[in-house]
Number of protein chains: 2
Amino acid sequence: MLFTHINVLDENLDWQKDQFVGVEGSTITYVGATEPTDPERFGERYDGCGKLLMSALYNTHAHTPMTLLRGYAENQPLQQWLNDTVWPFEGKMSVERGHHYWGCMLAQAEMLRYGIVGYTDMYFGTIDRCKAAIEAGMKANHCDGGTMCFVETDYDTLPVAALNKQLFDEYHLAADGRIRIDMCVHGEYTTPQGMIERCVAEAKANNAGLHIHMSETQTEHEECKQRHDGMTPAAWLDSLGAFDVPITAAHCVWVEPSDIELMARKGVNVSLNPASNMKLASGFAPVQAMIDAGVNCSLGTDGMASNNTHNILQSAYLLACSQKGNALDPTIITPKQALQMLTANGARAQGRTDCGVLAVGKKADLVVIDVDTPWMCPVYDMATNLLYSANGADVLLTMCDGKVLYENGEYKTIDIEKAKAEVRRSVGEILDALHE
Amino acid sequence: MLFTHINVLDENLDWQKDQFVGVEGSTITYVGATEPTDPERFGERYDGCGKLLMSALYNTHAHTPMTLLRGYAENQPLQQWLNDTVWPFEGKMSVERGHHYWGCMLAQAEMLRYGIVGYTDMYFGTIDRCKAAIEAGMKANHCDGGTMCFVETDYDTLPVAALNKQLFDEYHLAADGRIRIDMCVHGEYTTPQGMIERCVAEAKANNAGLHIHMSETQTEHEECKQRHDGMTPAAWLDSLGAFDVPITAAHCVWVEPSDIELMARKGVNVSLNPASNMKLASGFAPVQAMIDAGVNCSLGTDGMASNNTHNILQSAYLLACSQKGNALDPTIITPKQALQMLTANGARAQGRTDCGVLAVGKKADLVVIDVDTPWMCPVYDMATNLLYSANGADVLLTMCDGKVLYENGEYKTIDIEKAKAEVRRSVGEILDALHE
């Protein structure tokens, strides 16, 4: 495909007008201010007038099947939310009845609509989720939550041991590398020391990463210190080797300055989840301090029981506004920093070095955004307008590895009517089971 | 128009499926679960399958011509933002060159796209703004900022005296009451006592309301107390009679418990502006305390130099999330409370008692929202999904007083291409003048 006469956010997220961008196969092979000499080699032409082309977006913390719980557990304190509402619902979810598969599929449709091509996911029903991602043509880092065990347990006796072996054998780097399997440590407070150490060892042995919740709430953070001689979750996890493998730590709301220094030094990827953290009243993460220290910060939407939308551009807006408001400092979190979290930083957190920026030689993970709207006029700086004025639904086209997966209301790989119907069917079955 | 088989948020914002809503002239004349016996009297039928009908939205604090400054003054502390960036730009804006008219017109297009039918506006070029609102078919409460004078000045010697007379004579309650003229007190710190008292008197004499900025920043709030023997802006304004006329007080970030009690008792309308308050780092208003006290709270988008979007549904999302996050309490600001701010409370703040709820006998200020999207599935509670999952751009149709002003990308009363072009022309002229 050859995008013609299109606005571009280039590899530095600078605005370039009237550009030509050519894609061959899965790769960006031309970027320039003039039409390439042999335009026919790119195939279809895409008229870019009034539109913006930029890197697609990456969502670094999700629980896709929780889309079934969208709006189910509202206005509740965290423990009531978890114990009385979310966990009982999840207890009735059935892989056999396709609940995880369809929850994942609908979440993917929503993500594609909002410009997301890759996501990092922690849940159960992992084979179903891998299949769903392959079918949808998306990039996904999946991990299975089966190592959450509270008391010391022999990893090899758990069903997740065999499952992880199958996942690594059959799905790790499958679909041209689009699927990646991570090890899962749900959290410090839900996983005993031996299990964490074994998960780290399994990640190393399989050249895989680790996905974890860390310092999400003040209670979790402080109780860890009580349990472990004053060691914070970050210090404790690092002492167990967890920071020696590629790791994505979600939330990091309550991390301390020493944690931030440690995370920067060890290359920990942080996934910020502002909507979830505000809705569950967990707090505001020290984002500018992490950025200043050199921590790789990206954004996650979290599960739909604590956010309700995969509109990640709106999450970036929420993050930028709330960080300024909470710090009482209007100069922090620049638009470029926020957009970097959505693009290059997100791809990097997923272990993907071949995408996340619009540049020759990179994978063609691209979105086209309508910038001919009332709210994108005037433009002094395109990055600013994109963060603060644009609407997630302004995405016109979402391309992953050179393939168009969404365009103008049409999902190319997902039967959206079936996905919605199957989600409604799934929810009905679960509610029936809960009321039995 | 007869909306058939449509989801409805009723006058209590409760979800009713498969309803019929009939509009005749400017008024809602039928709401029911069955088709009316004489459907032809409503004219055109609108197939509501997969859609939601609810009251249109009201924006209770704006400066519409500042749309020209969208993205112009970013990441700056308030005083630098105001003194070095915003005021110099505004100093070059010209009524004669149509800058205010076109800034207002483009703002109106954006508002209609996001479901807003009425707005409360404070700025200059007020006759132009009145004309723009009449042409667009919107409802607008306009006031002119010409009473901002810092030192005591004889009102009758100011150009705004003659202007206000003309505005009240020609535009107050014009266009079937859609246009209302308010008196403007920019703020306690920008308007001397005598001028405030005179503005209150003018409001009373003209059966008009008053629009004011109040306790937006901590500095403003505390300096008022220093100037006036410990009286807060609310107490000071009340002592001058300002709370004895219908008043909309914008921001109210730093109001104290005694202020809240006073405002509730005097029926002060509060316009919350969460995006602007966070972006300029003014702080978080005590919203739940105001609601609990019975203060009429509504939402404003403020000027586009400190918010960047008239997507007021996103502002409601931002408000709900940030209030929970800041208070560390997930139970505050329910979805219904947030949606009431956008609808009934907003209309009430504008002195409009005949609209703001979907009920027989009320003016047909209505929006149709697409609820057949991936992100509106499943639905446990429609108000929750609307606040937390829907997208401002899900609005399919915006109707004001029974007239469709926006539908499926088409603006019925605004030449959108001309508005964008004229805004770009205006910005070019202003930047040229600044660089001369």
# chains A, B, ... in the order shown; residues from 1 in each chain; ligands from 1

$ select_by_dssp --residues "stretch 112-259 of chain A" --states "alpha helix (DSSP H)" --output "JSON, numbers by chain"
{"A": [112, 113, 126, 127, 128, 129, 130, 131, 132, 133, 134, 135, 136, 159, 160, 161, 162, 163, 164, 165, 166, 167, 168, 169, 170, 193, 194, 195, 196, 197, 198, 199, 200, 201, 202, 203, 204, 205, 218, 219, 220, 221, 222, 223, 224, 225, 226, 227, 233, 234, 235, 236, 237, 238, 239, 257, 258, 259]}

$ residues_around --residues "A:Glu256" --least-positions-apart "4" --cutoff "9 Å" --atoms "only C-alpha atoms" --output "count of residues only"
4

$ atom_distance --atom1 "atom CA of A:Ala136" --atom2 "atom CA of A:Tyr123"
18.1 Å

$ interface_residues --of "chain B" --to "chain A" --cutoff "6 Å" --atoms "only C-alpha atoms" --output "JSON, numbers by chain"
{"B": [75, 76, 77, 110, 278, 279, 280, 281, 283, 308, 309, 321, 324, 325, 328, 329, 330, 331, 374, 388, 389]}

$ residues_around --residues "A:Phe20" --least-positions-apart "5" --cutoff "12 Å" --atoms "only C-alpha atoms" --output "MDAnalysis selection string"
chainID A and resid 1:8 10 28:37 39 42 45:49 52:53 358:360

$ residues_around --residues "B:Asn296" --least-positions-apart "5" --cutoff "10 Å" --atoms "only C-alpha atoms" --output "list in words"
Thr248, Met263, Ala264, Gly267, Val268, Asn269, Val270, Ser271, Met290, Ile291, Gln340, Met341, Ala344, Asn345, Gly346, Arg348 and Ala349 of chain B

$ write_last_selection --atoms "N, CA and C atoms" --output "short mmCIF file (atom, residue, chain, number, x, y, z; two decimals), in the first residue's frame"
data_model
loop_
_atom_site.label_atom_id
_atom_site.label_comp_id
_atom_site.auth_asym_id
_atom_site.auth_seq_id
_atom_site.Cartn_x
_atom_site.Cartn_y
_atom_site.Cartn_z
N THR B 248 -24.13 31.47 37.59
CA THR B 248 -23.30 30.31 37.31
C THR B 248 -21.87 30.65 37.68
N MET B 263 -23.58 28.27 49.02
CA MET B 263 -23.98 28.11 47.61
C MET B 263 -25.23 27.24 47.49
N ALA B 264 -25.31 26.21 48.32
CA ALA B 264 -26.50 25.35 48.29
C ALA B 264 -27.73 26.16 48.72
N GLY B 267 -28.77 28.67 46.05
CA GLY B 267 -29.08 28.15 44.71
C GLY B 267 -28.06 28.53 43.65
N VAL B 268 -26.80 28.67 44.05
CA VAL B 268 -25.75 28.96 43.07
C VAL B 268 -25.53 27.74 42.17
N ASN B 269 -25.44 27.97 40.88
CA ASN B 269 -25.12 26.91 39.94
C ASN B 269 -23.61 26.84 39.77
N VAL B 270 -23.05 25.64 39.97
CA VAL B 270 -21.59 25.47 39.83
C VAL B 270 -21.30 24.77 38.51
N SER B 271 -20.37 25.34 37.75
CA SER B 271 -19.91 24.69 36.52
C SER B 271 -18.51 24.15 36.75
N MET B 290 -20.19 19.01 47.28
CA MET B 290 -21.16 19.93 46.69
C MET B 290 -22.46 19.20 46.35
N ILE B 291 -22.32 18.01 45.75
CA ILE B 291 -23.51 17.22 45.42
C ILE B 291 -24.29 16.90 46.69
N GLN B 340 -26.45 13.38 35.09
CA GLN B 340 -27.34 14.48 35.48
C GLN B 340 -26.66 15.83 35.29
N MET B 341 -25.36 15.88 35.61
CA MET B 341 -24.62 17.14 35.43
C MET B 341 -24.65 17.58 33.97
N ALA B 344 -29.91 17.51 32.94
CA ALA B 344 -30.87 18.33 33.69
C ALA B 344 -30.18 19.46 34.45
N ASN B 345 -29.07 19.17 35.11
CA ASN B 345 -28.40 20.21 35.90
C ASN B 345 -27.86 21.32 35.01
N GLY B 346 -27.37 20.94 33.84
CA GLY B 346 -26.84 21.94 32.91
C GLY B 346 -27.94 22.86 32.40
N ARG B 348 -30.76 23.51 33.84
CA ARG B 348 -31.19 24.31 34.98
C ARG B 348 -30.24 25.49 35.21
N ALA B 349 -28.94 25.24 35.11
CA ALA B 349 -27.96 26.31 35.29
C ALA B 349 -28.16 27.40 34.25
#

$ select_by_dssp --residues "stretch 190-356 of chain B" --states "strand (DSSP E)" --output "list in words"
Leu210, His211, Ile212, His213, Met214, Ile247, Thr248, Ala249, Ala250, His251, Asn269, Val270, Ser271, Leu272, Asn296, Cys297, Ser298 and Leu299 of chain B

$ atom_distance --atom1 "atom CA of B:Asn273" --atom2 "atom CA of B:Leu313"
12.2 Å

$ residues_around --residues "A:Tyr406" --least-positions-apart "2" --cutoff "7 Å" --atoms "only C-alpha atoms" --output "list of chain:residue names"
A:Leu112, A:Arg113, A:Leu397, A:Thr398, A:Val404, A:Asn408, A:Glu410, A:Tyr411, A:Lys412

$ residues_around --residues "A:Leu272" --least-positions-apart "3" --cutoff "6 Å" --atoms "only C-alpha atoms" --output "list in words"
His251, Leu299 and Gly300 of chain A

$ write_last_selection --atoms "N, CA and C atoms" --output "PDB file, in the first residue's frame"
ATOM      1  N   HIS A 251       1.049  -1.230  36.819  1.00  0.00           N
ATOM      2  CA  HIS A 251       0.573  -0.285  37.844  1.00  0.00           C
ATOM      3  C   HIS A 251       1.696   0.563  38.437  1.00  0.00           C
ATOM      4  N   LEU A 299       1.506   2.213  28.435  1.00  0.00           N
ATOM      5  CA  LEU A 299       0.143   2.307  28.964  1.00  0.00           C
ATOM      6  C   LEU A 299      -0.627   1.004  28.802  1.00  0.00           C
ATOM      7  N   GLY A 300      -1.434   0.701  29.807  1.00  0.00           N
ATOM      8  CA  GLY A 300      -2.313  -0.457  29.746  1.00  0.00           C
ATOM      9  C   GLY A 300      -3.746  -0.036  29.993  1.00  0.00           C
TER      10      GLY A 300
END

$ atom_distance --atom1 "atom CA of A:Tyr101" --atom2 "atom CA of A:Asp432"
19.3 Å

$ closest_residue --among "A:Val185, A:Gly137, A:Gly125, A:Ile212" --to "A:Leu167" --atoms "only C-alpha atoms"
A:Gly125

$ residues_around --residues "A:Lys51" --least-positions-apart "4" --cutoff "6 Å" --atoms "only C-alpha atoms" --output "PyMOL selection string"
chain A and resi 6+369-371

$ closest_residue --among "B:Phe150, B:Trp102, B:Trp15, B:Phe168" --to "B:Gly194" --atoms "only C-alpha atoms"
B:Phe150

$ closest_residue --among "B:Gly22, B:Gly103, B:Lys363, B:Gly115" --to "B:Lys418" --atoms "only C-alpha atoms"
B:Gly103
